>>> print(open('run_27.cif').read())   # mmCIF, N, CA and C atoms
data_final
loop_
_atom_site.label_atom_id
_atom_site.label_comp_id
_atom_site.auth_asym_id
_atom_site.auth_seq_id
_atom_site.Cartn_x
_atom_site.Cartn_y
_atom_site.Cartn_z
N MET A 1 1.81 35.49 -1.09
CA MET A 1 2.34 34.23 -1.55
C MET A 1 2.05 33.16 -0.50
N SER A 2 1.79 31.96 -1.00
CA SER A 2 1.58 30.84 -0.08
C SER A 2 2.15 29.57 -0.73
N ILE A 3 2.43 28.60 0.10
CA ILE A 3 3.02 27.35 -0.37
C ILE A 3 1.92 26.46 -0.95
N SER A 4 2.12 26.04 -2.17
CA SER A 4 1.22 25.08 -2.82
C SER A 4 1.98 23.77 -2.95
N THR A 5 1.32 22.66 -2.65
CA THR A 5 1.98 21.36 -2.74
C THR A 5 1.24 20.47 -3.72
N TYR A 6 2.01 19.67 -4.43
CA TYR A 6 1.48 18.73 -5.42
C TYR A 6 2.19 17.39 -5.24
N GLU A 7 1.48 16.32 -5.47
CA GLU A 7 2.06 14.97 -5.40
C GLU A 7 1.72 14.21 -6.66
N SER A 8 2.70 13.48 -7.16
CA SER A 8 2.42 12.59 -8.29
C SER A 8 1.85 11.29 -7.73
N ARG A 9 1.38 10.48 -8.61
CA ARG A 9 1.01 9.13 -8.19
C ARG A 9 2.31 8.33 -8.01
N GLN A 10 2.22 7.19 -7.40
CA GLN A 10 3.39 6.34 -7.21
C GLN A 10 3.55 5.46 -8.45
N GLY A 11 4.67 5.61 -9.16
CA GLY A 11 4.91 4.85 -10.37
C GLY A 11 5.80 3.64 -10.12
N LYS A 12 5.64 2.62 -10.94
CA LYS A 12 6.42 1.38 -10.81
C LYS A 12 7.53 1.36 -11.86
N VAL A 13 8.76 1.07 -11.39
CA VAL A 13 9.93 1.06 -12.26
C VAL A 13 10.64 -0.28 -12.09
N ASP A 14 10.99 -0.91 -13.20
CA ASP A 14 11.64 -2.22 -13.16
C ASP A 14 13.16 -2.12 -13.04
N PHE A 15 13.62 -1.32 -12.09
CA PHE A 15 15.04 -1.17 -11.78
C PHE A 15 15.17 -0.96 -10.28
N GLY A 16 16.35 -1.25 -9.76
CA GLY A 16 16.60 -1.09 -8.34
C GLY A 16 16.72 0.36 -7.93
N ALA A 17 16.52 0.63 -6.64
CA ALA A 17 16.59 1.98 -6.10
C ALA A 17 17.95 2.62 -6.35
N ALA A 18 19.03 1.85 -6.21
CA ALA A 18 20.38 2.41 -6.41
C ALA A 18 20.58 2.87 -7.84
N ASP A 19 20.08 2.10 -8.83
CA ASP A 19 20.20 2.50 -10.23
C ASP A 19 19.47 3.82 -10.49
N ILE A 20 18.27 3.93 -9.97
CA ILE A 20 17.47 5.15 -10.16
C ILE A 20 18.16 6.33 -9.48
N TYR A 21 18.59 6.13 -8.25
CA TYR A 21 19.27 7.17 -7.48
C TYR A 21 20.51 7.67 -8.23
N ASN A 22 21.36 6.75 -8.67
CA ASN A 22 22.59 7.13 -9.37
C ASN A 22 22.29 7.88 -10.66
N PHE A 23 21.25 7.51 -11.35
CA PHE A 23 20.87 8.16 -12.60
C PHE A 23 20.37 9.58 -12.34
N VAL A 24 19.48 9.72 -11.37
CA VAL A 24 18.80 11.00 -11.15
C VAL A 24 19.67 12.03 -10.43
N THR A 25 20.66 11.61 -9.68
CA THR A 25 21.50 12.59 -8.99
C THR A 25 22.42 13.35 -9.95
N ASP A 26 22.48 12.96 -11.20
CA ASP A 26 23.16 13.74 -12.23
C ASP A 26 22.05 14.41 -13.06
N ILE A 27 21.83 15.69 -12.83
CA ILE A 27 20.72 16.41 -13.47
C ILE A 27 20.76 16.30 -14.99
N ARG A 28 21.93 16.14 -15.57
CA ARG A 28 22.02 16.03 -17.04
C ARG A 28 21.16 14.89 -17.56
N ASN A 29 20.94 13.87 -16.76
CA ASN A 29 20.12 12.73 -17.20
C ASN A 29 18.63 13.07 -17.29
N PHE A 30 18.18 14.13 -16.60
CA PHE A 30 16.78 14.51 -16.65
C PHE A 30 16.35 14.91 -18.05
N GLU A 31 17.29 15.35 -18.85
CA GLU A 31 16.98 15.77 -20.22
C GLU A 31 16.26 14.66 -20.98
N ARG A 32 16.50 13.41 -20.61
CA ARG A 32 15.86 12.28 -21.29
C ARG A 32 14.36 12.21 -21.02
N PHE A 33 13.89 12.86 -19.97
CA PHE A 33 12.47 12.83 -19.63
C PHE A 33 11.70 14.05 -20.11
N ILE A 34 12.39 15.00 -20.74
CA ILE A 34 11.76 16.25 -21.15
C ILE A 34 11.31 16.15 -22.60
N PRO A 35 10.00 16.29 -22.85
CA PRO A 35 9.53 16.30 -24.24
C PRO A 35 10.21 17.43 -25.02
N PRO A 36 10.60 17.21 -26.27
CA PRO A 36 11.43 18.15 -27.02
C PRO A 36 10.89 19.57 -27.13
N ASP A 37 9.59 19.79 -27.21
CA ASP A 37 9.05 21.13 -27.41
C ASP A 37 8.59 21.80 -26.13
N THR A 38 8.96 21.27 -24.98
CA THR A 38 8.48 21.80 -23.71
C THR A 38 9.29 23.00 -23.24
N PHE A 39 10.62 22.92 -23.30
CA PHE A 39 11.50 23.96 -22.80
C PHE A 39 12.41 24.45 -23.91
N THR A 40 12.93 25.67 -23.73
CA THR A 40 13.92 26.21 -24.66
C THR A 40 15.12 26.71 -23.85
N ASP A 41 16.19 27.05 -24.54
CA ASP A 41 17.39 27.61 -23.92
C ASP A 41 17.88 26.78 -22.73
N ILE A 42 17.97 25.48 -22.91
CA ILE A 42 18.40 24.60 -21.82
C ILE A 42 19.91 24.71 -21.63
N LYS A 43 20.32 24.98 -20.39
CA LYS A 43 21.72 24.96 -19.98
C LYS A 43 21.79 23.98 -18.82
N ILE A 44 22.67 22.99 -18.95
CA ILE A 44 22.63 21.92 -17.97
C ILE A 44 24.04 21.44 -17.63
N ASP A 45 24.27 21.20 -16.35
CA ASP A 45 25.49 20.53 -15.93
C ASP A 45 25.11 19.51 -14.85
N ARG A 46 26.07 18.92 -14.22
CA ARG A 46 25.80 17.81 -13.29
C ARG A 46 24.84 18.17 -12.15
N ASP A 47 24.96 19.39 -11.59
CA ASP A 47 24.17 19.77 -10.42
C ASP A 47 23.13 20.86 -10.66
N THR A 48 23.13 21.48 -11.84
CA THR A 48 22.25 22.62 -12.09
C THR A 48 21.67 22.55 -13.51
N CYS A 49 20.44 23.02 -13.62
CA CYS A 49 19.78 23.08 -14.93
C CYS A 49 18.99 24.38 -14.99
N SER A 50 19.08 25.09 -16.11
CA SER A 50 18.21 26.25 -16.31
C SER A 50 17.62 26.16 -17.70
N PHE A 51 16.40 26.69 -17.83
CA PHE A 51 15.68 26.63 -19.10
C PHE A 51 14.56 27.66 -19.07
N ARG A 52 13.98 27.91 -20.23
CA ARG A 52 12.83 28.82 -20.35
C ARG A 52 11.58 27.98 -20.57
N VAL A 53 10.51 28.37 -19.89
CA VAL A 53 9.24 27.67 -20.07
C VAL A 53 8.10 28.67 -19.94
N GLY A 54 7.23 28.68 -20.96
CA GLY A 54 6.00 29.47 -20.98
C GLY A 54 5.97 30.69 -20.10
N MET A 55 4.94 30.78 -19.27
CA MET A 55 4.71 31.97 -18.46
C MET A 55 5.71 32.15 -17.33
N LEU A 56 6.46 31.13 -16.99
CA LEU A 56 7.42 31.23 -15.89
C LEU A 56 8.72 31.89 -16.29
N GLY A 57 9.02 31.93 -17.58
CA GLY A 57 10.28 32.49 -18.02
C GLY A 57 11.42 31.55 -17.70
N GLU A 58 12.54 32.10 -17.22
CA GLU A 58 13.69 31.25 -16.91
C GLU A 58 13.50 30.57 -15.57
N VAL A 59 13.76 29.27 -15.56
CA VAL A 59 13.66 28.44 -14.36
C VAL A 59 15.04 27.84 -14.10
N THR A 60 15.46 27.85 -12.85
CA THR A 60 16.72 27.24 -12.46
C THR A 60 16.46 26.18 -11.41
N ILE A 61 17.06 25.01 -11.59
CA ILE A 61 16.90 23.90 -10.65
C ILE A 61 18.30 23.43 -10.24
N ARG A 62 18.46 23.19 -8.94
CA ARG A 62 19.75 22.72 -8.40
C ARG A 62 19.53 21.47 -7.56
N LEU A 63 20.52 20.62 -7.57
CA LEU A 63 20.53 19.48 -6.67
C LEU A 63 20.81 20.04 -5.28
N LYS A 64 19.91 19.79 -4.34
CA LYS A 64 20.05 20.37 -3.00
C LYS A 64 20.57 19.35 -1.98
N GLU A 65 19.89 18.19 -1.91
CA GLU A 65 20.28 17.17 -0.94
C GLU A 65 20.06 15.79 -1.52
N LYS A 66 20.88 14.83 -1.06
CA LYS A 66 20.76 13.45 -1.50
C LYS A 66 20.75 12.55 -0.27
N PHE A 67 19.85 11.60 -0.26
CA PHE A 67 19.75 10.62 0.82
C PHE A 67 19.75 9.24 0.18
N TYR A 68 20.93 8.65 0.06
CA TYR A 68 21.09 7.38 -0.64
C TYR A 68 20.31 6.28 0.07
N PRO A 69 19.58 5.46 -0.64
CA PRO A 69 19.24 5.49 -2.06
C PRO A 69 17.78 5.88 -2.30
N ASP A 70 17.17 6.59 -1.35
CA ASP A 70 15.71 6.72 -1.46
C ASP A 70 15.14 8.13 -1.57
N LYS A 71 15.96 9.17 -1.55
CA LYS A 71 15.38 10.51 -1.67
C LYS A 71 16.39 11.48 -2.26
N ILE A 72 15.91 12.30 -3.20
CA ILE A 72 16.72 13.35 -3.80
C ILE A 72 15.88 14.62 -3.78
N ILE A 73 16.47 15.71 -3.30
CA ILE A 73 15.76 16.98 -3.21
C ILE A 73 16.43 17.98 -4.13
N PHE A 74 15.61 18.58 -4.99
CA PHE A 74 16.06 19.64 -5.88
C PHE A 74 15.38 20.93 -5.43
N SER A 75 16.10 22.04 -5.51
CA SER A 75 15.48 23.33 -5.21
C SER A 75 15.50 24.15 -6.48
N GLY A 76 14.57 25.09 -6.55
CA GLY A 76 14.51 25.88 -7.76
C GLY A 76 13.98 27.28 -7.54
N TYR A 77 14.11 28.07 -8.60
CA TYR A 77 13.66 29.44 -8.59
C TYR A 77 13.16 29.79 -9.99
N ALA A 78 12.06 30.52 -10.04
CA ALA A 78 11.54 31.03 -11.31
C ALA A 78 11.06 32.46 -11.06
N ARG A 79 10.97 33.23 -12.10
CA ARG A 79 10.59 34.64 -11.96
C ARG A 79 9.25 34.81 -11.25
N GLN A 80 8.26 34.01 -11.61
CA GLN A 80 6.92 34.13 -11.05
C GLN A 80 6.74 33.33 -9.76
N VAL A 81 7.68 32.45 -9.46
CA VAL A 81 7.60 31.59 -8.28
C VAL A 81 8.87 31.83 -7.48
N ASN A 82 8.72 32.30 -6.24
CA ASN A 82 9.91 32.63 -5.45
C ASN A 82 10.83 31.44 -5.27
N ASP A 83 10.32 30.39 -4.72
CA ASP A 83 11.11 29.19 -4.47
C ASP A 83 10.24 27.97 -4.69
N PHE A 84 10.87 26.89 -5.11
CA PHE A 84 10.13 25.64 -5.17
C PHE A 84 11.08 24.49 -4.90
N SER A 85 10.52 23.39 -4.48
CA SER A 85 11.33 22.19 -4.29
C SER A 85 10.64 21.03 -4.99
N LEU A 86 11.46 20.16 -5.51
CA LEU A 86 11.02 18.96 -6.19
C LEU A 86 11.70 17.80 -5.48
N ILE A 87 10.92 16.91 -4.92
CA ILE A 87 11.46 15.80 -4.14
C ILE A 87 11.12 14.49 -4.83
N LEU A 88 12.15 13.72 -5.15
CA LEU A 88 11.96 12.41 -5.74
C LEU A 88 12.14 11.38 -4.65
N ASN A 89 11.09 10.63 -4.38
CA ASN A 89 11.13 9.55 -3.40
C ASN A 89 11.23 8.23 -4.15
N ILE A 90 12.17 7.40 -3.75
CA ILE A 90 12.38 6.09 -4.38
C ILE A 90 12.12 5.03 -3.32
N ILE A 91 11.15 4.19 -3.58
CA ILE A 91 10.77 3.14 -2.63
C ILE A 91 11.20 1.80 -3.21
N SER A 92 12.18 1.19 -2.56
CA SER A 92 12.70 -0.10 -3.04
C SER A 92 11.69 -1.20 -2.74
N GLN A 93 11.37 -2.00 -3.75
CA GLN A 93 10.44 -3.11 -3.59
C GLN A 93 11.19 -4.44 -3.56
N GLU A 94 12.11 -4.59 -4.50
CA GLU A 94 12.96 -5.77 -4.63
C GLU A 94 14.27 -5.28 -5.23
N ALA A 95 15.21 -6.18 -5.45
CA ALA A 95 16.51 -5.79 -6.00
C ALA A 95 16.36 -5.07 -7.35
N ASP A 96 15.38 -5.47 -8.16
CA ASP A 96 15.22 -4.88 -9.48
C ASP A 96 13.84 -4.25 -9.69
N LYS A 97 13.19 -3.86 -8.62
CA LYS A 97 11.88 -3.21 -8.73
C LYS A 97 11.79 -2.10 -7.68
N SER A 98 11.29 -0.96 -8.11
CA SER A 98 11.14 0.19 -7.21
C SER A 98 9.85 0.92 -7.57
N GLU A 99 9.48 1.81 -6.69
CA GLU A 99 8.39 2.74 -6.97
C GLU A 99 8.96 4.15 -6.80
N VAL A 100 8.47 5.07 -7.61
CA VAL A 100 8.92 6.46 -7.54
C VAL A 100 7.72 7.37 -7.37
N LYS A 101 7.94 8.44 -6.63
CA LYS A 101 6.90 9.43 -6.40
C LYS A 101 7.57 10.79 -6.35
N VAL A 102 6.95 11.79 -6.95
CA VAL A 102 7.52 13.13 -6.99
C VAL A 102 6.57 14.09 -6.26
N ASP A 103 7.14 14.88 -5.36
CA ASP A 103 6.40 15.92 -4.66
C ASP A 103 6.97 17.27 -5.07
N LEU A 104 6.09 18.23 -5.30
CA LEU A 104 6.53 19.57 -5.66
C LEU A 104 5.86 20.55 -4.71
N SER A 105 6.64 21.45 -4.15
CA SER A 105 6.13 22.53 -3.30
C SER A 105 6.62 23.84 -3.89
N ALA A 106 5.71 24.82 -4.00
CA ALA A 106 6.09 26.10 -4.60
C ALA A 106 5.41 27.25 -3.87
N ASP A 107 6.15 28.32 -3.74
CA ASP A 107 5.63 29.54 -3.13
C ASP A 107 5.03 30.40 -4.24
N MET A 108 3.69 30.37 -4.36
CA MET A 108 3.01 31.04 -5.47
C MET A 108 1.92 31.97 -4.96
N ASN A 109 1.69 33.04 -5.71
CA ASN A 109 0.56 33.88 -5.39
C ASN A 109 -0.72 33.17 -5.85
N PRO A 110 -1.89 33.57 -5.34
CA PRO A 110 -3.14 32.87 -5.66
C PRO A 110 -3.46 32.81 -7.16
N PHE A 111 -3.18 33.88 -7.90
CA PHE A 111 -3.47 33.87 -9.33
C PHE A 111 -2.59 32.86 -10.05
N LEU A 112 -1.30 32.86 -9.74
CA LEU A 112 -0.39 31.91 -10.39
C LEU A 112 -0.78 30.48 -10.05
N LYS A 113 -1.16 30.25 -8.80
CA LYS A 113 -1.59 28.90 -8.41
C LYS A 113 -2.77 28.45 -9.26
N MET A 114 -3.72 29.33 -9.48
CA MET A 114 -4.89 29.00 -10.28
C MET A 114 -4.48 28.66 -11.73
N VAL A 115 -3.57 29.45 -12.28
CA VAL A 115 -3.13 29.25 -13.66
C VAL A 115 -2.21 28.03 -13.79
N ALA A 116 -1.36 27.82 -12.79
CA ALA A 116 -0.34 26.77 -12.87
C ALA A 116 -0.83 25.40 -12.41
N ASP A 117 -1.94 25.34 -11.72
CA ASP A 117 -2.39 24.10 -11.11
C ASP A 117 -2.46 22.93 -12.12
N GLU A 118 -3.17 23.11 -13.20
CA GLU A 118 -3.32 22.03 -14.18
C GLU A 118 -2.00 21.68 -14.87
N PRO A 119 -1.19 22.68 -15.33
CA PRO A 119 0.09 22.33 -15.95
C PRO A 119 1.04 21.60 -15.00
N VAL A 120 1.06 21.97 -13.73
CA VAL A 120 1.94 21.29 -12.77
C VAL A 120 1.50 19.84 -12.59
N ARG A 121 0.20 19.63 -12.44
CA ARG A 121 -0.31 18.26 -12.28
C ARG A 121 -0.01 17.43 -13.54
N TYR A 122 -0.15 18.02 -14.71
CA TYR A 122 0.16 17.34 -15.96
C TYR A 122 1.66 16.99 -16.01
N PHE A 123 2.51 17.95 -15.64
CA PHE A 123 3.95 17.72 -15.64
C PHE A 123 4.31 16.54 -14.74
N LEU A 124 3.77 16.49 -13.53
CA LEU A 124 4.09 15.40 -12.60
C LEU A 124 3.60 14.06 -13.13
N ALA A 125 2.39 14.05 -13.71
CA ALA A 125 1.86 12.80 -14.27
C ALA A 125 2.72 12.32 -15.43
N LYS A 126 3.12 13.24 -16.30
CA LYS A 126 3.96 12.90 -17.45
C LYS A 126 5.34 12.43 -17.01
N LEU A 127 5.90 13.08 -15.99
CA LEU A 127 7.21 12.69 -15.49
C LEU A 127 7.19 11.25 -14.96
N ILE A 128 6.17 10.91 -14.19
CA ILE A 128 6.07 9.54 -13.65
C ILE A 128 5.86 8.55 -14.78
N GLU A 129 5.03 8.90 -15.75
CA GLU A 129 4.80 8.02 -16.90
C GLU A 129 6.10 7.76 -17.66
N GLU A 130 6.87 8.82 -17.89
CA GLU A 130 8.15 8.68 -18.59
C GLU A 130 9.12 7.80 -17.79
N MET A 131 9.15 7.98 -16.48
CA MET A 131 10.02 7.17 -15.63
C MET A 131 9.62 5.69 -15.67
N GLU A 132 8.33 5.43 -15.68
CA GLU A 132 7.86 4.04 -15.75
C GLU A 132 8.25 3.37 -17.06
N ASN A 133 8.21 4.12 -18.14
CA ASN A 133 8.50 3.57 -19.46
C ASN A 133 9.99 3.55 -19.80
N PHE A 134 10.79 4.28 -19.06
CA PHE A 134 12.22 4.42 -19.34
C PHE A 134 12.96 3.12 -19.00
N LYS A 135 13.85 2.70 -19.87
CA LYS A 135 14.60 1.45 -19.67
C LYS A 135 16.10 1.67 -19.51
N GLY A 136 16.58 2.90 -19.59
CA GLY A 136 18.01 3.16 -19.58
C GLY A 136 18.59 3.63 -18.26
N TRP A 137 18.02 3.21 -17.14
CA TRP A 137 18.46 3.68 -15.83
C TRP A 137 19.94 3.42 -15.56
N LYS A 138 20.53 2.41 -16.18
CA LYS A 138 21.95 2.13 -15.93
C LYS A 138 22.86 2.88 -16.89
N GLU A 139 22.28 3.57 -17.88
CA GLU A 139 23.06 4.34 -18.85
C GLU A 139 23.13 5.78 -18.39
N THR A 140 24.19 6.18 -17.75
CA THR A 140 24.31 7.53 -17.25
C THR A 140 24.71 8.50 -18.35
N TYR A 141 24.72 9.76 -18.02
CA TYR A 141 25.06 10.81 -18.97
C TYR A 141 26.41 10.53 -19.62
N GLN A 142 27.38 10.07 -18.84
CA GLN A 142 28.71 9.82 -19.36
C GLN A 142 28.71 8.69 -20.41
N ASP A 143 27.74 7.79 -20.35
CA ASP A 143 27.70 6.66 -21.29
C ASP A 143 27.20 7.06 -22.68
N ARG A 144 26.61 8.24 -22.82
CA ARG A 144 26.03 8.63 -24.10
C ARG A 144 27.07 9.14 -25.05
#
>>> encode(input="run_27.cif", output="structure tokens")
Amino acid sequence: MSISTYESRQGKVDFGAADIYNFVTDIRNFERFIPPDTFTDIKIDRDTCSFRVGMLGEVTIRLKEKFYPDKIIFSGYARQVNDFSLILNIISQEADKSEVKVDLSADMNPFLKMVADEPVRYFLAKLIEEMENFKGWKETYQDR
């Protein structure tokens, strides 16, 4: 096993860093960025999310650390991947403009890395695209 790292592009969001931070630190809000047919058996609460996805089987993600208002670290575990981390970096540009970037690091064997490389890159690109297009950053899970 070896650590594989992936970076998304830096996306532009028309909301302040604090709004994005407050939204994303409640994992239940991530459900808004997940395409409907991507995952199954989703179980979600404020700090933890588990779901089934393709070849990985059950995946669990937890909120690990928060650094207000510019960084959130999630840790995870999947059957085929020992450990992984997902880091959301929020770069404040102005009061109502920010940039977001997602980094993913995973402990994968060489075969899994070869198979997962394209889907992981697609996931990160899609996640940033969804964040750029999303307009409900001030509407938290409790508001729904």
>>> atom_distance(input="run_27.cif", atom1="atom C of Tyr21 (chain A)", atom2="atom C of Ile91 (chain A)")
12.1 Å
>>> closest_residue(input="run_27.cif", among="A:Val24, A:Met114, A:Ile3, A:Val13", to="Asn133 (chain A)", atoms="only N, CA and C atoms")
A:Val13
>>> resolve_selection(input="run_27.cif", expression="the PyMOL selection byres ((chain A and resi 69) around 8)", output="number ranges by chain")
A: 16-22, 66-68, 70-72, 89-92
>>> write_last_selection(input="run_27.cif", atoms="N, CA and C atoms", output="PDB file, in the frame of the given file")
ATOM      1  N   GLY A  16      16.350  -1.250  -9.760  1.00  0.00           N
ATOM      2  CA  GLY A  16      16.600  -1.090  -8.340  1.00  0.00           C
ATOM      3  C   GLY A  16      16.720   0.360  -7.930  1.00  0.00           C
ATOM      4  N   ALA A  17      16.520   0.630  -6.640  1.00  0.00           N
ATOM      5  CA  ALA A  17      16.590   1.980  -6.100  1.00  0.00           C
ATOM      6  C   ALA A  17      17.950   2.620  -6.350  1.00  0.00           C
ATOM      7  N   ALA A  18      19.030   1.850  -6.210  1.00  0.00           N
ATOM      8  CA  ALA A  18      20.380   2.410  -6.410  1.00  0.00           C
ATOM      9  C   ALA A  18      20.580   2.870  -7.840  1.00  0.00           C
ATOM     10  N   ASP A  19      20.080   2.100  -8.830  1.00  0.00           N
ATOM     11  CA  ASP A  19      20.200   2.500 -10.230  1.00  0.00           C
ATOM     12  C   ASP A  19      19.470   3.820 -10.490  1.00  0.00           C
ATOM     13  N   ILE A  20      18.270   3.930  -9.970  1.00  0.00           N
ATOM     14  CA  ILE A  20      17.470   5.150 -10.160  1.00  0.00           C
ATOM     15  C   ILE A  20      18.160   6.330  -9.480  1.00  0.00           C
ATOM     16  N   TYR A  21      18.590   6.130  -8.250  1.00  0.00           N
ATOM     17  CA  TYR A  21      19.270   7.170  -7.480  1.00  0.00           C
ATOM     18  C   TYR A  21      20.510   7.670  -8.230  1.00  0.00           C
ATOM     19  N   ASN A  22      21.360   6.750  -8.670  1.00  0.00           N
ATOM     20  CA  ASN A  22      22.590   7.130  -9.370  1.00  0.00           C
ATOM     21  C   ASN A  22      22.290   7.880 -10.660  1.00  0.00           C
ATOM     22  N   LYS A  66      20.880  14.830  -1.060  1.00  0.00           N
ATOM     23  CA  LYS A  66      20.760  13.450  -1.500  1.00  0.00           C
ATOM     24  C   LYS A  66      20.750  12.550  -0.270  1.00  0.00           C
ATOM     25  N   PHE A  67      19.850  11.600  -0.260  1.00  0.00           N
ATOM     26  CA  PHE A  67      19.750  10.620   0.820  1.00  0.00           C
ATOM     27  C   PHE A  67      19.750   9.240   0.180  1.00  0.00           C
ATOM     28  N   TYR A  68      20.930   8.650   0.060  1.00  0.00           N
ATOM     29  CA  TYR A  68      21.090   7.380  -0.640  1.00  0.00           C
ATOM     30  C   TYR A  68      20.310   6.280   0.070  1.00  0.00           C
ATOM     31  N   ASP A  70      17.170   6.590  -1.350  1.00  0.00           N
ATOM     32  CA  ASP A  70      15.710   6.720  -1.460  1.00  0.00           C
ATOM     33  C   ASP A  70      15.140   8.130  -1.570  1.00  0.00           C
ATOM     34  N   LYS A  71      15.960   9.170  -1.550  1.00  0.00           N
ATOM     35  CA  LYS A  71      15.380  10.510  -1.670  1.00  0.00           C
ATOM     36  C   LYS A  71      16.390  11.480  -2.260  1.00  0.00           C
ATOM     37  N   ILE A  72      15.910  12.300  -3.200  1.00  0.00           N
ATOM     38  CA  ILE A  72      16.720  13.350  -3.800  1.00  0.00           C
ATOM     39  C   ILE A  72      15.880  14.620  -3.780  1.00  0.00           C
ATOM     40  N   ASN A  89      11.090  10.630  -4.380  1.00  0.00           N
ATOM     41  CA  ASN A  89      11.130   9.550  -3.400  1.00  0.00           C
ATOM     42  C   ASN A  89      11.230   8.230  -4.150  1.00  0.00           C
ATOM     43  N   ILE A  90      12.170   7.400  -3.750  1.00  0.00           N
ATOM     44  CA  ILE A  90      12.380   6.090  -4.380  1.00  0.00           C
ATOM     45  C   ILE A  90      12.120   5.030  -3.320  1.00  0.00           C
ATOM     46  N   ILE A  91      11.150   4.190  -3.580  1.00  0.00           N
ATOM     47  CA  ILE A  91      10.770   3.140  -2.630  1.00  0.00           C
ATOM     48  C   ILE A  91      11.200   1.800  -3.210  1.00  0.00           C
ATOM     49  N   SER A  92      12.180   1.190  -2.560  1.00  0.00           N
ATOM     50  CA  SER A  92      12.700  -0.100  -3.040  1.00  0.00           C
ATOM     51  C   SER A  92      11.690  -1.200  -2.740  1.00  0.00           C
TER      52      SER A  92
END
>>> axis_aligned_box(input="run_27.cif", around="region 9-15 of chain A", padding_each_side="6 Å", output="lines of an AutoDock Vina configuration file")
center_x = 8.1
center_y = 4.1
center_z = -10.2
size_x = 26.2
size_y = 24.7
size_z = 18.0
>>> closest_residue(input="run_27.cif", among="A:Thr5, A:Met131, A:Gly11, A:Arg46", to="Leu104 (chain A)", atoms="only C-alpha atoms")
A:Thr5
>>> select_by_dssp(input="run_27.cif", residues="region 26-109 of chain A", states="strand (DSSP E or B)", output="PyMOL selection string")
chain A and resi 40-44+48-53+57-67+71-78+84-94+97-108
>>> resolve_selection(input="run_27.cif", expression="the PyMOL selection byres ((chain A and resi 85) around 5)", output="PDB file with N, CA and C atoms, keeping the file's coordinate frame")
ATOM      1  N   PHE A  74      15.610  18.580  -4.990  1.00  0.00           N
ATOM      2  CA  PHE A  74      16.060  19.640  -5.880  1.00  0.00           C
ATOM      3  C   PHE A  74      15.380  20.930  -5.430  1.00  0.00           C
ATOM      4  N   SER A  75      16.100  22.040  -5.510  1.00  0.00           N
ATOM      5  CA  SER A  75      15.480  23.330  -5.210  1.00  0.00           C
ATOM      6  C   SER A  75      15.500  24.150  -6.480  1.00  0.00           C
ATOM      7  N   GLY A  76      14.570  25.090  -6.550  1.00  0.00           N
ATOM      8  CA  GLY A  76      14.510  25.880  -7.760  1.00  0.00           C
ATOM      9  C   GLY A  76      13.980  27.280  -7.540  1.00  0.00           C
ATOM     10  N   ASP A  83      10.320  30.390  -4.720  1.00  0.00           N
ATOM     11  CA  ASP A  83      11.110  29.190  -4.470  1.00  0.00           C
ATOM     12  C   ASP A  83      10.240  27.970  -4.690  1.00  0.00           C
ATOM     13  N   PHE A  84      10.870  26.890  -5.110  1.00  0.00           N
ATOM     14  CA  PHE A  84      10.130  25.640  -5.170  1.00  0.00           C
ATOM     15  C   PHE A  84      11.080  24.490  -4.900  1.00  0.00           C
ATOM     16  N   LEU A  86      11.460  20.160  -5.510  1.00  0.00           N
ATOM     17  CA  LEU A  86      11.020  18.960  -6.190  1.00  0.00           C
ATOM     18  C   LEU A  86      11.700  17.800  -5.480  1.00  0.00           C
ATOM     19  N   ILE A  87      10.920  16.910  -4.920  1.00  0.00           N
ATOM     20  CA  ILE A  87      11.460  15.800  -4.140  1.00  0.00           C
ATOM     21  C   ILE A  87      11.120  14.490  -4.830  1.00  0.00           C
ATOM     22  N   LEU A 104       6.090  18.230  -5.300  1.00  0.00           N
ATOM     23  CA  LEU A 104       6.530  19.570  -5.660  1.00  0.00           C
ATOM     24  C   LEU A 104       5.860  20.550  -4.710  1.00  0.00           C
ATOM     25  N   SER A 105       6.640  21.450  -4.150  1.00  0.00           N
ATOM     26  CA  SER A 105       6.130  22.530  -3.300  1.00  0.00           C
ATOM     27  C   SER A 105       6.620  23.840  -3.890  1.00  0.00           C
TER      28      SER A 105
END
>>> residues_around(input="run_27.cif", residues="Ser4 (chain A)", least_positions_apart="3", cutoff="10 Å", atoms="only C-alpha atoms", output="ChimeraX atom specification")
/A:1,84,104-110,113,117
>>> atom_distance(input="run_27.cif", atom1="atom C of Val115 (chain A)", atom2="CA of Val53 (chain A)")
13.1 Å
>>> atom_distance(input="run_27.cif", atom1="atom C of Ile61 (chain A)", atom2="CA of Val102 (chain A)")
15.3 Å
>>> closest_residue(input="run_27.cif", among="A:Phe123, A:Phe15, A:Phe39, A:Phe33", to="Asp103 (chain A)", atoms="only C-alpha atoms")
A:Phe123
>>> select_by_dssp(input="run_27.cif", residues="region 45-128 of chain A", states="helix (DSSP H, G or I)", output="ChimeraX atom specification")
/A:54-56,110-128
>>> closest_residue(input="run_27.cif", among="A:Ile73, A:Leu112, A:Cys49, A:Ile128", to="Lys12 (chain A)", atoms="only N, CA and C atoms")
A:Ile128
>>> residues_around(input="run_27.cif", residues="region 118-121 of chain A", least_positions_apart="4", cutoff="8 Å", atoms="all atoms listed in the file", output="list of chain:residue names")
A:Tyr6, A:Glu7, A:Ser8, A:Lys113, A:Met114, A:Ala125, A:Lys126, A:Leu127
